[in-house]
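Colleague: Following this line is coords-v7.txt, made up of compact mmCIF, C-alpha atoms and all ligand atoms:
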```txt
# COMPACT_ATOMS: atom_id res chain seq x y z
CA MET K 1 -21.86 -20.94 -19.90
CA SER K 2 -19.64 -18.73 -17.78
CA SER K 3 -16.67 -18.89 -20.11
CA GLU K 4 -18.85 -17.60 -22.95
CA GLU K 5 -19.95 -14.57 -20.97
CA LYS K 6 -18.00 -11.49 -21.87
CA THR K 7 -15.70 -10.10 -19.23
CA ILE K 8 -16.83 -6.96 -17.44
CA LEU K 9 -14.17 -5.16 -15.44
CA VAL K 10 -14.81 -2.78 -12.57
CA ALA K 11 -13.69 0.20 -14.65
CA ARG K 12 -13.11 1.16 -18.27
CA SER K 13 -11.12 4.24 -19.22
CA SER K 14 -12.90 7.11 -20.91
CA MET K 15 -11.26 7.97 -24.24
CA PRO K 16 -11.96 10.57 -26.92
CA ASN K 17 -12.35 9.25 -30.42
CA PHE K 18 -9.09 8.41 -32.13
CA GLU K 19 -9.11 11.24 -34.68
CA GLU K 20 -9.79 13.79 -31.99
CA TYR K 21 -6.68 12.77 -30.07
CA ILE K 22 -4.55 12.63 -33.23
CA GLU K 23 -5.62 16.17 -34.07
CA GLU K 24 -4.70 17.28 -30.54
CA ILE K 25 -1.18 15.79 -30.64
CA ARG K 26 -0.35 16.98 -34.19
CA GLU K 27 1.29 20.14 -32.83
CA ILE K 28 3.63 18.04 -30.72
CA TRP K 29 5.13 16.64 -33.94
CA ASP K 30 5.59 20.13 -35.26
CA SER K 31 7.26 21.47 -32.11
CA HIS K 32 9.23 18.39 -30.96
CA TRP K 33 8.42 19.58 -27.41
CA LEU K 34 7.38 16.48 -25.48
CA THR K 35 7.46 17.48 -21.81
CA ASN K 36 8.70 20.15 -19.35
CA MET K 37 5.60 22.33 -19.18
CA GLY K 38 4.93 22.68 -22.90
CA VAL K 39 1.97 24.13 -24.76
CA LYS K 40 -0.45 21.29 -23.94
CA HIS K 41 0.52 21.31 -20.27
CA LYS K 42 -0.17 25.04 -20.06
CA GLU K 43 -3.41 24.71 -21.98
CA LEU K 44 -4.74 21.93 -19.74
CA GLU K 45 -3.84 23.90 -16.60
CA LYS K 46 -5.78 26.83 -18.00
CA GLU K 47 -8.78 24.69 -18.97
CA LEU K 48 -8.86 23.12 -15.50
CA MET K 49 -8.62 26.51 -13.79
CA LYS K 50 -11.69 27.49 -15.76
CA TYR K 51 -13.49 24.20 -15.10
CA MET K 52 -12.95 24.42 -11.34
CA ASP K 53 -13.00 28.21 -11.13
CA VAL K 54 -9.72 28.34 -9.19
CA ASP K 55 -6.68 30.59 -9.56
CA ASN K 56 -4.09 27.82 -9.57
CA VAL K 57 -3.78 24.26 -10.86
CA ASN K 58 -0.54 22.31 -10.78
CA LEU K 59 -0.34 19.26 -13.05
CA PHE K 60 1.60 16.12 -12.19
CA THR K 61 2.52 12.89 -13.93
CA ASN K 62 0.27 11.01 -11.48
CA GLY K 63 -1.90 11.63 -8.46
CA HIS K 64 0.44 9.96 -6.02
CA LEU K 65 3.38 12.25 -6.75
CA ALA K 66 0.97 15.17 -6.74
CA LEU K 67 -0.03 14.32 -3.17
CA GLU K 68 3.53 13.64 -2.10
CA SER K 69 4.64 16.98 -3.55
CA ALA K 70 1.71 18.89 -2.01
CA ILE K 71 2.66 17.57 1.42
CA ALA K 72 6.32 18.44 0.77
CA ALA K 73 5.40 21.98 -0.33
CA LEU K 74 3.71 22.61 3.02
CA ASP K 75 6.97 21.77 4.80
CA LEU K 76 5.55 19.63 7.63
CA LYS K 77 7.10 17.72 10.49
CA GLY K 78 5.63 15.19 12.91
CA GLU K 79 2.32 13.36 12.92
CA VAL K 80 -0.45 13.43 10.35
CA ILE K 81 -3.98 12.30 11.11
CA THR K 82 -5.52 10.30 8.27
CA THR K 83 -7.74 7.26 7.72
CA PRO K 84 -6.86 3.67 6.88
CA PHE K 85 -9.89 3.30 4.60
CA THR K 86 -8.18 4.50 1.44
CA PHE K 87 -5.77 3.51 -1.28
CA ALA K 88 -2.18 2.86 -0.14
CA SER K 89 -1.07 6.02 -1.93
CA THR K 90 -2.51 8.29 0.78
CA THR K 91 -0.48 6.73 3.58
CA HIS K 92 2.62 6.21 1.42
CA ALA K 93 2.65 9.92 0.54
CA ILE K 94 2.69 10.80 4.24
CA VAL K 95 5.36 8.28 5.19
CA ARG K 96 7.59 9.01 2.20
CA ASN K 97 7.68 12.63 3.41
CA GLY K 98 9.20 11.44 6.70
CA LEU K 99 5.92 11.99 8.57
CA THR K 100 4.11 9.60 10.88
CA PRO K 101 0.55 8.56 10.00
CA VAL K 102 -1.95 8.41 12.85
CA PHE K 103 -5.06 6.47 11.86
CA CYS K 104 -8.48 7.84 12.70
CA ASP K 105 -11.61 5.73 12.26
CA ILE K 106 -14.28 6.48 9.66
CA ASN K 107 -17.98 7.04 10.04
CA PRO K 108 -20.24 4.19 8.91
CA GLU K 109 -22.49 6.29 6.68
CA ASP K 110 -20.17 7.75 4.07
CA TYR K 111 -16.84 6.12 5.09
CA THR K 112 -15.01 9.46 5.40
CA ILE K 113 -12.94 10.38 8.46
CA ASP K 114 -14.99 10.43 11.68
CA VAL K 115 -14.59 14.06 12.72
CA ASN K 116 -15.67 13.24 16.26
CA LYS K 117 -12.56 11.11 16.71
CA ILE K 118 -9.94 13.49 15.35
CA GLU K 119 -9.36 15.68 18.41
CA GLU K 120 -8.54 12.79 20.74
CA LEU K 121 -5.67 11.85 18.37
CA ILE K 122 -4.07 15.29 18.35
CA THR K 123 -0.75 15.59 20.20
CA ASP K 124 1.86 18.35 20.30
CA LYS K 125 3.48 16.62 17.30
CA THR K 126 0.40 16.77 15.07
CA CYS K 127 0.99 19.01 12.06
CA ALA K 128 -1.72 18.13 9.56
CA ILE K 129 -4.84 16.19 8.64
CA VAL K 130 -5.05 14.25 5.39
CA PRO K 131 -8.71 13.28 4.93
CA VAL K 132 -10.00 11.37 1.89
CA HIS K 133 -13.19 12.11 -0.05
CA VAL K 134 -13.77 8.36 -0.37
CA TYR K 135 -15.82 7.31 -3.46
CA GLY K 136 -16.53 11.01 -3.99
CA ASN K 137 -18.29 11.28 -0.62
CA ILE K 138 -17.19 14.65 0.68
CA CYS K 139 -15.69 14.84 4.17
CA ASP K 140 -17.27 16.96 6.89
CA PHE K 141 -15.09 19.88 5.82
CA LYS K 142 -16.63 22.43 8.18
CA GLU K 143 -15.73 20.43 11.25
CA ILE K 144 -12.29 19.58 9.84
CA ASP K 145 -11.76 23.27 9.20
CA ARG K 146 -12.78 24.15 12.76
CA ILE K 147 -10.38 21.60 14.25
CA ALA K 148 -7.55 22.65 11.95
CA LYS K 149 -7.96 26.30 12.96
CA LYS K 150 -8.16 25.48 16.65
CA TYR K 151 -4.94 23.43 16.65
CA ASN K 152 -3.16 25.25 13.84
CA LEU K 153 -3.01 22.23 11.51
CA LYS K 154 -2.72 22.06 7.73
CA VAL K 155 -5.38 20.16 5.80
CA ILE K 156 -4.50 18.33 2.60
CA TYR K 157 -7.41 16.52 0.98
CA ASP K 158 -6.87 13.32 -0.95
CA ALA K 159 -9.55 14.25 -3.48
CA ALA K 160 -8.50 11.54 -5.95
CA HIS K 161 -12.12 10.35 -6.15
CA ALA K 162 -13.77 13.74 -6.13
CA PHE K 163 -12.97 15.44 -9.42
CA ALA K 164 -15.81 17.57 -10.85
CA ILE K 165 -17.78 17.58 -7.58
CA LYS K 166 -19.29 20.84 -6.36
CA ILE K 167 -20.65 22.01 -3.02
CA ASN K 168 -23.11 24.89 -3.23
CA GLY K 169 -21.88 25.56 -6.74
CA GLU K 170 -18.21 25.71 -5.71
CA SER K 171 -15.54 23.16 -6.65
CA VAL K 172 -14.41 20.81 -3.84
CA SER K 173 -10.86 21.76 -4.78
CA LYS K 174 -11.29 24.94 -2.75
CA LEU K 175 -11.40 23.01 0.53
CA GLY K 176 -8.42 22.84 2.88
CA ASP K 177 -4.89 24.10 2.26
CA ALA K 178 -4.49 21.77 -0.72
CA SER K 179 -6.45 19.18 -2.66
CA MET K 180 -5.02 16.41 -4.80
CA PHE K 181 -6.91 14.91 -7.74
CA SER K 182 -5.93 11.77 -9.60
CA PHE K 183 -6.32 11.60 -13.36
CA HIS K 184 -5.39 7.93 -13.55
CA ALA K 185 -6.89 5.85 -16.37
CA THR K 186 -9.50 4.38 -14.02
CA LYS K 187 -10.68 7.69 -12.60
CA VAL K 188 -13.68 9.76 -13.74
CA PHE K 189 -11.42 12.11 -15.68
CA ASN K 190 -8.15 10.76 -17.00
CA THR K 191 -4.95 12.00 -18.61
CA ILE K 192 -3.82 8.35 -19.05
CA GLU K 193 -1.83 8.76 -15.83
CA GLY K 194 -1.89 12.10 -14.13
CA GLY K 195 -2.86 14.26 -11.23
CA ALA K 196 -3.20 17.80 -10.00
CA VAL K 197 -2.85 19.89 -6.87
CA ILE K 198 -4.94 22.95 -6.13
CA LEU K 199 -3.54 25.16 -3.38
CA LYS K 200 -5.30 27.64 -1.19
CA ASP K 201 -2.18 29.79 -0.94
CA LYS K 202 -1.37 30.60 -4.54
CA ASN K 203 2.08 31.79 -3.43
CA LEU K 204 3.08 28.18 -2.81
CA LYS K 205 2.49 27.27 -6.44
CA GLN K 206 5.96 28.33 -7.45
CA ARG K 207 7.50 26.02 -4.86
CA LEU K 208 5.33 23.17 -6.09
CA ASP K 209 6.44 23.89 -9.66
CA TYR K 210 10.04 23.56 -8.53
CA LEU K 211 9.42 20.43 -6.50
CA LYS K 212 8.05 18.55 -9.50
CA ASN K 213 11.13 19.39 -11.57
CA PHE K 214 14.12 18.41 -9.38
CA GLY K 215 13.96 21.67 -7.43
CA ILE K 216 15.47 23.53 -10.36
CA THR K 217 14.88 27.25 -9.88
CA GLY K 218 17.07 28.69 -12.63
CA PRO K 219 19.57 27.73 -15.34
CA ASP K 220 22.33 27.20 -12.77
CA THR K 221 20.43 26.94 -9.52
CA ILE K 222 18.73 24.14 -7.61
CA GLU K 223 17.15 25.35 -4.38
CA TYR K 224 14.93 22.40 -3.44
CA ILE K 225 15.42 18.65 -3.18
CA GLY K 226 12.65 17.91 -5.65
CA GLY K 227 11.82 14.80 -7.64
CA ASN K 228 10.56 14.46 -11.18
CA ALA K 229 6.79 14.50 -11.40
CA LYS K 230 5.95 16.52 -14.49
CA MET K 231 2.96 15.73 -16.68
CA ASN K 232 4.08 15.23 -20.29
CA GLU K 233 2.47 16.68 -23.42
CA PHE K 234 0.73 13.46 -24.49
CA GLN K 235 -0.93 13.16 -21.11
CA ALA K 236 -2.02 16.78 -21.22
CA ALA K 237 -3.39 16.33 -24.75
CA MET K 238 -5.46 13.37 -23.53
CA GLY K 239 -6.76 15.55 -20.72
CA ILE K 240 -7.71 18.38 -23.09
CA CYS K 241 -9.74 15.90 -25.16
CA ASN K 242 -11.33 14.06 -22.23
CA LEU K 243 -12.30 17.26 -20.42
CA LYS K 244 -14.53 18.21 -23.37
CA HIS K 245 -16.58 15.05 -22.84
CA LEU K 246 -16.43 14.83 -19.07
CA ASP K 247 -19.89 16.10 -18.21
CA GLU K 248 -21.37 13.74 -20.78
CA GLU K 249 -19.38 10.80 -19.35
CA ILE K 250 -20.59 11.61 -15.84
CA GLN K 251 -24.19 11.65 -17.11
CA LYS K 252 -23.69 8.19 -18.60
CA ARG K 253 -22.28 6.91 -15.30
CA LYS K 254 -25.27 8.41 -13.52
CA VAL K 255 -27.71 6.35 -15.60
CA VAL K 256 -25.90 3.14 -14.58
CA ALA K 257 -25.67 4.17 -10.91
CA GLU K 258 -29.40 4.94 -10.86
CA GLU K 259 -30.17 1.51 -12.28
CA TYR K 260 -28.07 -0.07 -9.50
CA ASN K 261 -29.94 2.10 -6.98
CA ARG K 262 -33.27 0.96 -8.36
CA ARG K 263 -32.31 -2.71 -8.04
CA LEU K 264 -30.34 -2.69 -4.80
CA LYS K 265 -31.90 -0.03 -2.57
CA GLY K 266 -33.88 -1.43 0.34
CA ILE K 267 -32.67 -5.02 -0.08
CA GLU K 268 -32.09 -6.63 3.30
CA GLY K 269 -28.40 -6.91 4.19
CA ILE K 270 -27.30 -4.50 1.46
CA LYS K 271 -26.23 -1.01 2.39
CA LEU K 272 -25.45 1.68 -0.13
CA SER K 273 -23.21 4.54 0.91
CA ASN K 274 -25.04 7.58 2.27
CA ARG K 275 -23.55 10.92 1.44
CA ARG K 276 -23.83 13.23 4.43
CA ILE K 277 -22.44 16.37 2.87
CA ASN K 278 -24.71 17.83 0.25
CA SER K 279 -22.78 17.96 -3.01
CA THR K 280 -23.09 17.07 -6.65
CA GLU K 281 -22.00 13.55 -7.58
CA ASN K 282 -19.47 12.27 -10.10
CA TYR K 283 -20.54 8.61 -9.97
CA ALA K 284 -16.91 7.52 -9.77
CA TYR K 285 -17.62 4.31 -7.84
CA TYR K 286 -20.54 2.19 -6.79
CA PRO K 287 -19.72 0.75 -3.36
CA VAL K 288 -22.05 -1.85 -1.85
CA PHE K 289 -21.67 -2.92 1.76
CA PHE K 290 -22.92 -6.39 2.66
CA ASP K 291 -23.95 -6.79 6.27
CA GLY K 292 -26.31 -9.64 7.09
CA PHE K 293 -26.99 -10.38 3.42
CA LYS K 294 -27.55 -14.04 2.46
CA LEU K 295 -24.06 -14.04 0.93
CA THR K 296 -20.84 -12.64 2.36
CA ARG K 297 -18.88 -10.03 0.44
CA ASP K 298 -16.34 -12.66 -0.60
CA GLU K 299 -19.10 -14.97 -1.81
CA VAL K 300 -20.62 -12.16 -3.89
CA PHE K 301 -17.19 -11.38 -5.31
CA GLU K 302 -16.60 -15.03 -6.28
CA LYS K 303 -20.08 -15.48 -7.71
CA LEU K 304 -19.65 -12.45 -9.96
CA LYS K 305 -16.24 -13.74 -10.97
CA GLU K 306 -17.76 -17.04 -12.08
CA HIS K 307 -19.71 -14.96 -14.57
CA ASN K 308 -16.58 -13.08 -15.69
CA ILE K 309 -17.62 -9.97 -13.81
CA ILE K 310 -14.67 -8.53 -11.96
CA ALA K 311 -15.81 -6.33 -9.09
CA ARG K 312 -13.26 -4.96 -6.63
CA LYS K 313 -12.75 -5.27 -2.89
CA TYR K 314 -12.03 -1.57 -2.63
CA PHE K 315 -10.66 -0.92 0.02
CA TYR K 316 -9.55 -4.23 1.40
CA PRO K 317 -7.44 -4.96 3.32
CA LEU K 318 -7.10 -1.83 5.40
CA ILE K 319 -3.90 0.16 5.00
CA ASN K 320 -2.83 -0.22 8.62
CA SER K 321 -2.94 -4.01 8.30
CA HIS K 322 -0.51 -4.10 5.37
CA GLU K 323 2.85 -5.77 5.94
CA CYS K 324 4.76 -2.52 5.36
CA TYR K 325 2.93 -0.66 8.15
CA LYS K 326 2.03 -3.31 10.71
CA SER K 327 5.37 -3.41 12.42
CA LYS K 328 6.30 0.22 11.85
CA PHE K 329 3.65 2.30 13.55
CA ASP K 330 1.24 1.99 16.38
CA CYS K 331 -1.69 1.65 14.02
CA GLY K 332 -4.31 2.15 16.70
CA SER K 333 -7.78 0.77 16.51
CA THR K 334 -10.28 1.57 13.77
CA PRO K 335 -13.11 -0.97 14.15
CA ILE K 336 -15.57 0.72 11.80
CA ALA K 337 -13.04 0.94 9.00
CA GLU K 338 -12.30 -2.74 9.60
CA LYS K 339 -15.94 -3.70 9.39
CA ILE K 340 -16.53 -1.75 6.18
CA ALA K 341 -13.35 -3.11 4.56
CA ASP K 342 -14.53 -6.65 5.31
CA GLY K 343 -17.96 -6.15 3.76
CA VAL K 344 -17.57 -3.74 0.88
CA ILE K 345 -17.33 -4.25 -2.86
CA THR K 346 -17.34 -1.74 -5.70
CA LEU K 347 -19.43 -2.83 -8.68
CA PRO K 348 -18.44 -2.19 -12.30
CA LEU K 349 -19.28 1.40 -13.18
CA TYR K 350 -18.23 3.33 -16.25
CA ALA K 351 -19.69 5.40 -19.06
CA GLY K 352 -21.05 2.95 -21.56
CA LEU K 353 -21.80 0.05 -19.23
CA SER K 354 -25.17 -1.07 -20.57
CA LEU K 355 -28.26 -1.19 -18.37
CA GLU K 356 -28.62 -4.77 -19.51
CA ASP K 357 -25.22 -5.58 -18.00
CA ALA K 358 -25.99 -3.61 -14.84
CA ASN K 359 -29.16 -5.63 -14.44
CA ARG K 360 -27.37 -8.90 -15.12
CA ILE K 361 -24.91 -7.98 -12.33
CA CYS K 362 -27.80 -7.30 -9.94
CA ASP K 363 -29.55 -10.54 -10.99
CA ILE K 364 -26.43 -12.53 -10.11
CA ILE K 365 -26.10 -10.83 -6.71
CA LEU K 366 -29.79 -11.18 -5.83
CA GLU K 367 -30.77 -14.57 -7.33
CA ASP K 368 -31.53 -17.43 -4.99
C1 LIG S 401 -6.01 6.74 -7.42
C2 LIG S 401 -5.76 7.20 -6.05
C3 LIG S 401 -4.55 7.81 -5.66
C4 LIG S 401 -3.32 7.85 -6.52
O1 LIG S 401 -3.49 8.39 -7.75
P1 LIG S 401 -2.62 7.91 -9.00
O2 LIG S 401 -2.98 8.91 -10.04
O3 LIG S 401 -3.04 6.52 -9.34
O4 LIG S 401 -1.18 8.00 -8.63
C5 LIG S 401 -4.45 8.31 -4.38
N1 LIG S 401 -5.45 8.21 -3.50
C6 LIG S 401 -6.61 7.60 -3.81
C7 LIG S 401 -7.69 7.54 -2.79
C8 LIG S 401 -6.80 7.06 -5.09
O5 LIG S 401 -7.93 6.41 -5.39
```
For this file, produce the structure as structure tokens.
Ligand SMILES: *Cc1c(COP(=O)(O)O)cnc(C)c1O
Modeller:
Amino acid sequence: MSSEEKTILVARSSMPNFEEYIEEIREIWDSHWLTNMGVKHKELEKELMKYMDVDNVNLFTNGHLALESAIAALDLKGEVITTPFTFASTTHAIVRNGLTPVFCDINPEDYTIDVNKIEELITDKTCAIVPVHVYGNICDFKEIDRIAKKYNLKVIYDAAHAFAIKINGESVSKLGDASMFSFHATKVFNTIEGGAVILKDKNLKQRLDYLKNFGITGPDTIEYIGGNAKMNEFQAAMGICNLKHLDEEIQKRKVVAEEYNRRLKGIEGIKLSNRRINSTENYAYYPVFFDGFKLTRDEVFEKLKEHNIIARKYFYPLINSHECYKSKFDCGSTPIAEKIADGVITLPLYAGLSLEDANRICDIILED
């Protein structure tokens, strides 16, 4: 039986229809301009500025290099407070900038940084906070803002999960000194691979532009030690197409998420994440935390796998327990993050996942 069941993966990339994309890339054949901030790149930046109602958007070839470059643009030194309950990219971006990550625990309701534990980690070396809007749950930005002002710290949000989310009608990209979004294939909005940075200080945009193109500032001048992180024209074209359908795709995800809610809410031993900050939702992920359920997280994962349903232990293991960090930093103690990482799974969620499949997934989890 199980081998006959079709495979359902945790995510499936949103794509425009084929003809729509072909039409969008036709110009590229006419111009022979493939990358280096071409027409499509400029157009997508403009569309995104409109979509988020911001005065600057900086596109990157992926979210990771966007975050790395945003941190570099702010010219930081010392320690950065962040959380271990995230994708490795967040920590790597800090460390690859020569900075030292200091891990703060998360709160058990929405899994974002526990703002009550930030101040005790601040030293005279602390220069910034890099919080993560995990699963699109928005961090307690008011408290983070207060702390940052009090200690003169920069705030760079890893907003990879939070594209399209609004708070009181305003885009989340307006929070902090900078926000990074990922447009990876598995994210709510994709440009195949891609990412963007939105800066509070528009004057830094120029520096960020240089940093993503080898630090080249003129025909014969290189003023920064930049890398290469430019979004190419095919990526931008994909973004232009996908952005047109984004709100529709989010609505389709919502229908699936609501079906999961209907089946899983109130079941003993199952905890769904509780957003604490009032915002719109993008239904990027559907995390389920098992605590005292009749099956452990790993048993649920395996049981789904037997039916060709591939959920994801996202995020497990914790970043500070990875081989590359264990011996390098004093990783501190983050017991809540540990507990969540040991019990959490994200269920398949994408536009077009049928309610029938969503129900089959719940049946498998809940059956005796
Ligand atoms: C996806 C992701 C990134 C990295 O983005 P890429 O576009 O894949 O490079 C960074 N942080 C978090 C939390 C992510 O989920």
Colleague: Could you make a table, as JSON lines, of the residues of chain K that have an atom within 8 Å of an atom of ligand LIG 401 (chain S), each with its nearest atom pair and distance in Å to one decimal, counting only C-alpha atoms and all ligand atoms, in chain and number order?
Modeller:
```
{"residue": "K:Thr61", "atom": "CA", "partner": "S:LIG401", "partner_atom": "O2", "distance": 7.8}
{"residue": "K:Asn62", "atom": "CA", "partner": "S:LIG401", "partner_atom": "O2", "distance": 4.1}
{"residue": "K:Gly63", "atom": "CA", "partner": "S:LIG401", "partner_atom": "O2", "distance": 3.3}
{"residue": "K:His64", "atom": "CA", "partner": "S:LIG401", "partner_atom": "O4", "distance": 3.6}
{"residue": "K:Leu65", "atom": "CA", "partner": "S:LIG401", "partner_atom": "O4", "distance": 6.5}
{"residue": "K:Ala66", "atom": "CA", "partner": "S:LIG401", "partner_atom": "O4", "distance": 7.7}
{"residue": "K:Leu67", "atom": "CA", "partner": "S:LIG401", "partner_atom": "C5", "distance": 7.6}
{"residue": "K:Thr86", "atom": "CA", "partner": "S:LIG401", "partner_atom": "C7", "distance": 5.2}
{"residue": "K:Phe87", "atom": "CA", "partner": "S:LIG401", "partner_atom": "C7", "distance": 4.7}
{"residue": "K:Ala88", "atom": "CA", "partner": "S:LIG401", "partner_atom": "N1", "distance": 7.1}
{"residue": "K:Ser89", "atom": "CA", "partner": "S:LIG401", "partner_atom": "C5", "distance": 4.8}
{"residue": "K:Thr90", "atom": "CA", "partner": "S:LIG401", "partner_atom": "N1", "distance": 5.2}
{"residue": "K:Val132", "atom": "CA", "partner": "S:LIG401", "partner_atom": "C7", "distance": 6.5}
{"residue": "K:His133", "atom": "CA", "partner": "S:LIG401", "partner_atom": "C7", "distance": 7.7}
{"residue": "K:Val134", "atom": "CA", "partner": "S:LIG401", "partner_atom": "C7", "distance": 6.6}
{"residue": "K:Asp158", "atom": "CA", "partner": "S:LIG401", "partner_atom": "N1", "distance": 5.9}
{"residue": "K:Ala159", "atom": "CA", "partner": "S:LIG401", "partner_atom": "C7", "distance": 7.0}
{"residue": "K:Ala160", "atom": "CA", "partner": "S:LIG401", "partner_atom": "C6", "distance": 4.9}
{"residue": "K:His161", "atom": "CA", "partner": "S:LIG401", "partner_atom": "O5", "distance": 5.8}
{"residue": "K:Phe181", "atom": "CA", "partner": "S:LIG401", "partner_atom": "O1", "distance": 7.4}
{"residue": "K:Ser182", "atom": "CA", "partner": "S:LIG401", "partner_atom": "O2", "distance": 4.1}
{"residue": "K:Phe183", "atom": "CA", "partner": "S:LIG401", "partner_atom": "O2", "distance": 5.4}
{"residue": "K:His184", "atom": "CA", "partner": "S:LIG401", "partner_atom": "O2", "distance": 4.4}
{"residue": "K:Thr186", "atom": "CA", "partner": "S:LIG401", "partner_atom": "C1", "distance": 7.8}
{"residue": "K:Lys187", "atom": "CA", "partner": "S:LIG401", "partner_atom": "C1", "distance": 7.0}
{"residue": "K:Glu193", "atom": "CA", "partner": "S:LIG401", "partner_atom": "O2", "distance": 5.9}
{"residue": "K:Gly194", "atom": "CA", "partner": "S:LIG401", "partner_atom": "O2", "distance": 5.3}
{"residue": "K:Gly195", "atom": "CA", "partner": "S:LIG401", "partner_atom": "O2", "distance": 5.5}
```
Colleague: So how far away is CA of Asn203 (chain K) from CA of Glu233 (chain K), in Å?
Modeller: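 Separation between CA of Glu233 (chain K) and CA of Asn203 (chain K): 25.1 Å.
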Colleague: Hey, which bits of region 213-264 of chain K sit within 10 Å of region 12-34 of chain K, and for each residue what's the closest pair of atoms and how far apart in Å (one decimal), counting all atoms listed in the file, rows by chain and increasing number, as CSV?
Modeller:
```
residue,atom,partner,partner_atom,distance
K:Met231,CA,K:Leu34,CA,9.9
K:Asn232,CA,K:Leu34,CA,6.3
K:Glu233,CA,K:Leu34,CA,5.3
K:Phe234,CA,K:Ile25,CA,6.8
K:Gln235,CA,K:Ile25,CA,9.9
K:Ala236,CA,K:Ile25,CA,9.5
K:Ala237,CA,K:Glu24,CA,6.0
K:Met238,CA,K:Tyr21,CA,6.7
K:Gly239,CA,K:Met15,CA,9.5
K:Ile240,CA,K:Glu24,CA,8.1
K:Cys241,CA,K:Pro16,CA,6.0
K:Asn242,CA,K:Pro16,CA,5.9
K:Leu243,CA,K:Pro16,CA,9.3
K:Lys244,CA,K:Pro16,CA,8.8
K:His245,CA,K:Pro16,CA,7.6
K:Leu246,CA,K:Ser14,CA,8.7
K:Glu249,CA,K:Ser14,CA,7.6
```
Colleague: With all atoms listed in the file as the basis for distance, which of K:Val39, K:Phe103, K:Phe289, K:Glu47 is at the shortest distance from Ser321 (chain K)?
Modeller: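 Counting all atoms listed in the file, the residue closest to Ser321 (chain K) is K:Phe103.
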Colleague: Excluding Asn228 (chain K) and its own-chain neighbours fewer than 3 positions away, which residues fall within 7 Å of it when counting all atoms listed in the file? Please give them as a ChimeraX atom specification.
Modeller: /K:212-214
Colleague: Using all atoms listed in the file, which residue out of K:Tyr111, K:Tyr135, K:Phe189, K:Tyr224 lies closest to Ser69 (chain K)?
Modeller: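 Among K:Tyr111, K:Tyr135, K:Phe189, K:Tyr224, it is K:Tyr224 that comes nearest to Ser69 (chain K).
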Colleague: Could you tell me which of K:Leu295, K:Ile340, K:Ala284, K:Val115 comes closest to Val10 (chain K) if we count only C-alpha atoms?
Modeller: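 Closest candidate: K:Ala284.
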Colleague: Could you check how far CA of Tyr350 (chain K) sits from CA of Arg312 (chain K), in Å to one decimal?
Modeller: 13.6 Å
